[in-house]
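Here the structure comes first, spelled out in structure tokens, and everything after it is commentary.
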Amino acid sequence: MIRIICLTKVGQQLARRLQYLLNSASTPINCEVCFKPAPFKDVVQGYFTQGETLIFICATGIVMRTLAPVINDKYSDPAVLVLDEQGQFVIPFLSGHEGGANELARQVSELLENQLVLTTANSYLKPKYVVGMGCERHCPEQVLLGLLEECLVKAGLTIDDISAITSIDIKSDEVGLIALANTLQKPYVTFDAKTLSLMEDRLSTKSDYILKTVGVYGVAESAALYKAQQLTNNGSELLLNKHKNKQATCAIARSYSL
């Protein structure tokens with residue numbers, strides 16, 4: 001759940017607009033507008049400690065003073081964004097890389113057509129990119145390739161940027177995925193459900209159906225996130241949320257070296 005927290009009528013109008021845009025995105029994001037929650041400090045700190053992503057439409061000073069007592073570390077704190085009332089700027093305020101605030105801010109910036117303000121010190125460094133894929137059994141290689149090429153275009157990448165193609169271990173013998181990796185000359189790596197479940201809090205969406213079927217809330221995002229993190233021994237984030245066609249899913253994650 002994403003909470004959009006606003007304190008003025010102008011901010012509320014922007015919050016409603018952003019809520020509509022997020023809910024109407026190609027991969028809908030569930031969010032709720034919270035107008036003048038009271039008591040403000042207790043409610044907001046409660047959301048934060050429960051791990052909910054927060055988007056504030058107010059001054060950064062208010063956000064800092066409210067959250068300071070409950071901030072833990074960048075590996076466990078949820079993503080926090082701050083927007084000005086006019087919606088001209090969006091700032092990833094907390095958990096930029098590890099918590100996914102940078103990626104969410106990019107999405108918000110695209111939806112509102114405003115200025116993204118990145119302040120993370122290592123944002124200019126070259127990250128490791130990893131593709132995660134899931135598919136129906138016996139999905140043809142060409143179907144997988146078509147989806148992957150579409151996702152690379154959306155992410156502004158080429159196959160040369162990709163370090164590996166990943167999935168869940170029940171797909172370790174999936175002929176189409178193996179052939180795809182061989183054709184593109186990329187490592188194909190799979191992980192068990194227990195390992196992939198470690199990425200649960202970083203997923204853009206969670207599917208109860210997929211959980212019941214394979215034991216994790218999402219294959220493509222989880223696999224990409226885990227492998228990217230493994231490559232750098234650092235946190236990872238989604239560059240491209242899960243995209244799908246009728247037979248497969250694809251996501252792209254990245255991680256920066258320490």
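Going by the structure tokens order, chains are called A, B, ..., each with residues numbered from 1, while ligands are numbered from 1 in the order shown.
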Residues of range 216-256 of chain A in strand (DSSP E), written as number ranges by chain: A: 236-244, 248-255
Please dump the current selection as a PDB file, in the first residue's frame; keep N, CA, C and O atoms.
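Listing of selection-v3.pdb after writing:
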ATOM      1  N   SER A 236      19.156  -3.920  -3.944  1.00  0.00           N
ATOM      2  CA  SER A 236      18.713  -3.846  -5.335  1.00  0.00           C
ATOM      3  C   SER A 236      17.372  -3.139  -5.408  1.00  0.00           C
ATOM      4  O   SER A 236      16.664  -3.016  -4.413  1.00  0.00           O
ATOM      5  N   GLU A 237      17.007  -2.696  -6.604  1.00  0.00           N
ATOM      6  CA  GLU A 237      15.733  -2.018  -6.826  1.00  0.00           C
ATOM      7  C   GLU A 237      15.215  -2.381  -8.204  1.00  0.00           C
ATOM      8  O   GLU A 237      15.973  -2.783  -9.095  1.00  0.00           O
ATOM      9  N   LEU A 238      13.923  -2.224  -8.387  1.00  0.00           N
ATOM     10  CA  LEU A 238      13.320  -2.483  -9.687  1.00  0.00           C
ATOM     11  C   LEU A 238      13.527  -1.275 -10.594  1.00  0.00           C
ATOM     12  O   LEU A 238      13.152  -0.158 -10.242  1.00  0.00           O
ATOM     13  N   LEU A 239      14.120  -1.510 -11.733  1.00  0.00           N
ATOM     14  CA  LEU A 239      14.196  -0.479 -12.765  1.00  0.00           C
ATOM     15  C   LEU A 239      12.926  -0.504 -13.592  1.00  0.00           C
ATOM     16  O   LEU A 239      12.389   0.536 -13.976  1.00  0.00           O
ATOM     17  N   LEU A 240      12.412  -1.701 -13.857  1.00  0.00           N
ATOM     18  CA  LEU A 240      11.179  -1.867 -14.620  1.00  0.00           C
ATOM     19  C   LEU A 240      10.313  -2.885 -13.903  1.00  0.00           C
ATOM     20  O   LEU A 240      10.694  -4.047 -13.751  1.00  0.00           O
ATOM     21  N   ASN A 241       9.147  -2.448 -13.444  1.00  0.00           N
ATOM     22  CA  ASN A 241       8.211  -3.358 -12.804  1.00  0.00           C
ATOM     23  C   ASN A 241       7.761  -4.446 -13.774  1.00  0.00           C
ATOM     24  O   ASN A 241       7.929  -4.333 -14.981  1.00  0.00           O
ATOM     25  N   LYS A 242       7.159  -5.460 -13.222  1.00  0.00           N
ATOM     26  CA  LYS A 242       6.715  -6.605 -14.021  1.00  0.00           C
ATOM     27  C   LYS A 242       5.828  -6.191 -15.195  1.00  0.00           C
ATOM     28  O   LYS A 242       4.851  -5.472 -15.030  1.00  0.00           O
ATOM     29  N   HIS A 243       6.200  -6.637 -16.382  1.00  0.00           N
ATOM     30  CA  HIS A 243       5.380  -6.506 -17.578  1.00  0.00           C
ATOM     31  C   HIS A 243       5.026  -7.909 -18.061  1.00  0.00           C
ATOM     32  O   HIS A 243       5.781  -8.858 -17.819  1.00  0.00           O
ATOM     33  N   LYS A 244       3.919  -8.045 -18.737  1.00  0.00           N
ATOM     34  CA  LYS A 244       3.521  -9.386 -19.149  1.00  0.00           C
ATOM     35  C   LYS A 244       2.789  -9.375 -20.484  1.00  0.00           C
ATOM     36  O   LYS A 244       2.245  -8.361 -20.922  1.00  0.00           O
ATOM     37  N   ALA A 248       3.915 -14.869 -20.584  1.00  0.00           N
ATOM     38  CA  ALA A 248       5.143 -14.660 -19.818  1.00  0.00           C
ATOM     39  C   ALA A 248       5.145 -13.333 -19.080  1.00  0.00           C
ATOM     40  O   ALA A 248       4.327 -12.444 -19.364  1.00  0.00           O
ATOM     41  N   THR A 249       6.057 -13.216 -18.119  1.00  0.00           N
ATOM     42  CA  THR A 249       6.273 -11.964 -17.382  1.00  0.00           C
ATOM     43  C   THR A 249       7.760 -11.629 -17.414  1.00  0.00           C
ATOM     44  O   THR A 249       8.611 -12.511 -17.523  1.00  0.00           O
ATOM     45  N   CYS A 250       8.052 -10.348 -17.293  1.00  0.00           N
ATOM     46  CA  CYS A 250       9.445  -9.900 -17.336  1.00  0.00           C
ATOM     47  C   CYS A 250       9.601  -8.658 -16.465  1.00  0.00           C
ATOM     48  O   CYS A 250       8.732  -7.777 -16.458  1.00  0.00           O
ATOM     49  N   ALA A 251      10.683  -8.596 -15.723  1.00  0.00           N
ATOM     50  CA  ALA A 251      11.016  -7.422 -14.913  1.00  0.00           C
ATOM     51  C   ALA A 251      12.534  -7.211 -14.982  1.00  0.00           C
ATOM     52  O   ALA A 251      13.283  -8.147 -15.272  1.00  0.00           O
ATOM     53  N   ILE A 252      12.963  -5.997 -14.706  1.00  0.00           N
ATOM     54  CA  ILE A 252      14.385  -5.683 -14.719  1.00  0.00           C
ATOM     55  C   ILE A 252      14.750  -4.989 -13.413  1.00  0.00           C
ATOM     56  O   ILE A 252      14.099  -4.031 -13.003  1.00  0.00           O
ATOM     57  N   ALA A 253      15.791  -5.511 -12.769  1.00  0.00           N
ATOM     58  CA  ALA A 253      16.292  -4.925 -11.524  1.00  0.00           C
ATOM     59  C   ALA A 253      17.722  -4.455 -11.713  1.00  0.00           C
ATOM     60  O   ALA A 253      18.409  -4.856 -12.654  1.00  0.00           O
ATOM     61  N   ARG A 254      18.166  -3.610 -10.798  1.00  0.00           N
ATOM     62  CA  ARG A 254      19.554  -3.157 -10.850  1.00  0.00           C
ATOM     63  C   ARG A 254      20.097  -3.017  -9.430  1.00  0.00           C
ATOM     64  O   ARG A 254      19.343  -2.900  -8.459  1.00  0.00           O
ATOM     65  N   SER A 255      21.405  -3.006  -9.350  1.00  0.00           N
ATOM     66  CA  SER A 255      22.068  -2.814  -8.071  1.00  0.00           C
ATOM     67  C   SER A 255      23.396  -2.113  -8.303  1.00  0.00           C
ATOM     68  O   SER A 255      24.060  -2.341  -9.319  1.00  0.00           O
TER      69      SER A 255
END
8 Å contact set for range 49-60 of chain A, only C-alpha atoms, chain neighbours under 5 positions out, as a ChimeraX atom specification: /A:1-7,11,15,70,77-85
Contacts of range 202-219 of chain A at 6 Å (only C-alpha atoms; same-chain gap of 3+ positions) as a PyMOL selection string: chain A and resi 134+193+197+199+222-223
Take the selection from the previous step and output its residues with N, CA and C atoms, as a PDB file, in the first residue's frame.
ATOM      1  N   GLY A 134       9.217 -15.066 -15.879  1.00  0.00           N
ATOM      2  CA  GLY A 134       8.369 -16.206 -15.557  1.00  0.00           C
ATOM      3  C   GLY A 134       7.534 -16.504 -16.778  1.00  0.00           C
ATOM      4  N   ALA A 193      11.993 -20.953  -4.014  1.00  0.00           N
ATOM      5  CA  ALA A 193      10.968 -20.033  -3.511  1.00  0.00           C
ATOM      6  C   ALA A 193      11.369 -19.390  -2.186  1.00  0.00           C
ATOM      7  N   SER A 197      11.570 -15.392  -1.684  1.00  0.00           N
ATOM      8  CA  SER A 197      10.642 -14.742  -0.745  1.00  0.00           C
ATOM      9  C   SER A 197      11.316 -13.637   0.059  1.00  0.00           C
ATOM     10  N   MET A 199      12.741 -11.207  -1.115  1.00  0.00           N
ATOM     11  CA  MET A 199      12.530  -9.968  -1.865  1.00  0.00           C
ATOM     12  C   MET A 199      11.084  -9.469  -1.786  1.00  0.00           C
ATOM     13  N   SER A 222      11.047 -10.891  -8.202  1.00  0.00           N
ATOM     14  CA  SER A 222      11.844 -11.473  -7.115  1.00  0.00           C
ATOM     15  C   SER A 222      13.186 -11.994  -7.614  1.00  0.00           C
ATOM     16  N   ALA A 223      13.155 -12.711  -8.739  1.00  0.00           N
ATOM     17  CA  ALA A 223      14.388 -13.300  -9.269  1.00  0.00           C
ATOM     18  C   ALA A 223      15.370 -12.220  -9.718  1.00  0.00           C
TER      19      ALA A 223
END
Test item: residues at most 8 Å from range 67-69 of chain A, only C-alpha atoms, excluding those fewer than 6 positions along its chain, as a list of chain:residue names: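 The residues satisfying every condition are A:Val44, A:Gln45, A:Phe48.
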Residue selection dump (N, CA, C and O atoms) as a short mmCIF file (atom, residue, chain, number, x, y, z; two decimals), in the first residue's frame:
data_model
loop_
_atom_site.label_atom_id
_atom_site.label_comp_id
_atom_site.auth_asym_id
_atom_site.auth_seq_id
_atom_site.Cartn_x
_atom_site.Cartn_y
_atom_site.Cartn_z
N VAL A 44 1.32 8.86 11.02
CA VAL A 44 2.36 8.74 9.99
C VAL A 44 3.47 7.80 10.43
O VAL A 44 3.93 6.96 9.66
N GLN A 45 3.88 7.92 11.69
CA GLN A 45 4.91 7.00 12.19
C GLN A 45 4.41 5.56 12.18
O GLN A 45 5.17 4.62 11.92
N PHE A 48 4.74 4.21 8.69
CA PHE A 48 6.16 3.99 8.38
C PHE A 48 6.67 2.70 9.02
O PHE A 48 7.32 1.89 8.36
#
Between CA of Ser167 in chain A and CA of Asn233 in chain A, distance in Å (one decimal):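 CA of Asn233 in chain A lies at a distance of 19.2 Å from CA of Ser167 in chain A.
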Per-residue DSSP, range 20-257 of chain A, filtered to helix (DSSP H, G or I), as a count of residues only: 99
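With only C-alpha atoms as the atoms that count, the residue of A:Ala228, A:Val90, A:Ile165, A:Val108 with the shortest distance to Ala179 in chain A is A:Ile165.
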Counting only C-alpha atoms, the option among A:Gly235, A:Val130, A:Glu174, A:Leu180 closest to Thr158 in chain A: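 Between A:Gly235, A:Val130, A:Glu174, A:Leu180, the residue approaching Thr158 in chain A most closely is A:Val130.
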Å distance separating CA of Lys74 in chain A from CA of Tyr20 in chain A, one decimal place: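 Separation between CA of Lys74 in chain A and CA of Tyr20 in chain A: 28.8 Å.
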Proximity to Gly100 in chain A - best of A:Ala224, A:Gly46, A:Ser24, A:Asp201, only C-alpha atoms: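 For Gly100 in chain A, the nearest of the candidates is A:Asp201.
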Pick from A:Leu111, A:Cys151, A:Leu118, A:Leu225 nearest to Leu21 in chain A, counting only C-alpha atoms: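 Result for the nearest residue to Leu21 in chain A: A:Leu111.
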Separation of CA of Pro28 in chain A from CA of Glu141 in chain A in Å: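 Answer for the CA of Glu141 in chain A to CA of Pro28 in chain A separation: 27.5 Å.
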Nearest to Thr8 in chain A by atom-to-atom distance, counting only C-alpha atoms, from A:Tyr226, A:Leu196, A:Pro37, A:Asn30: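 Distance minimum relative to Thr8 in chain A lands on A:Pro37.
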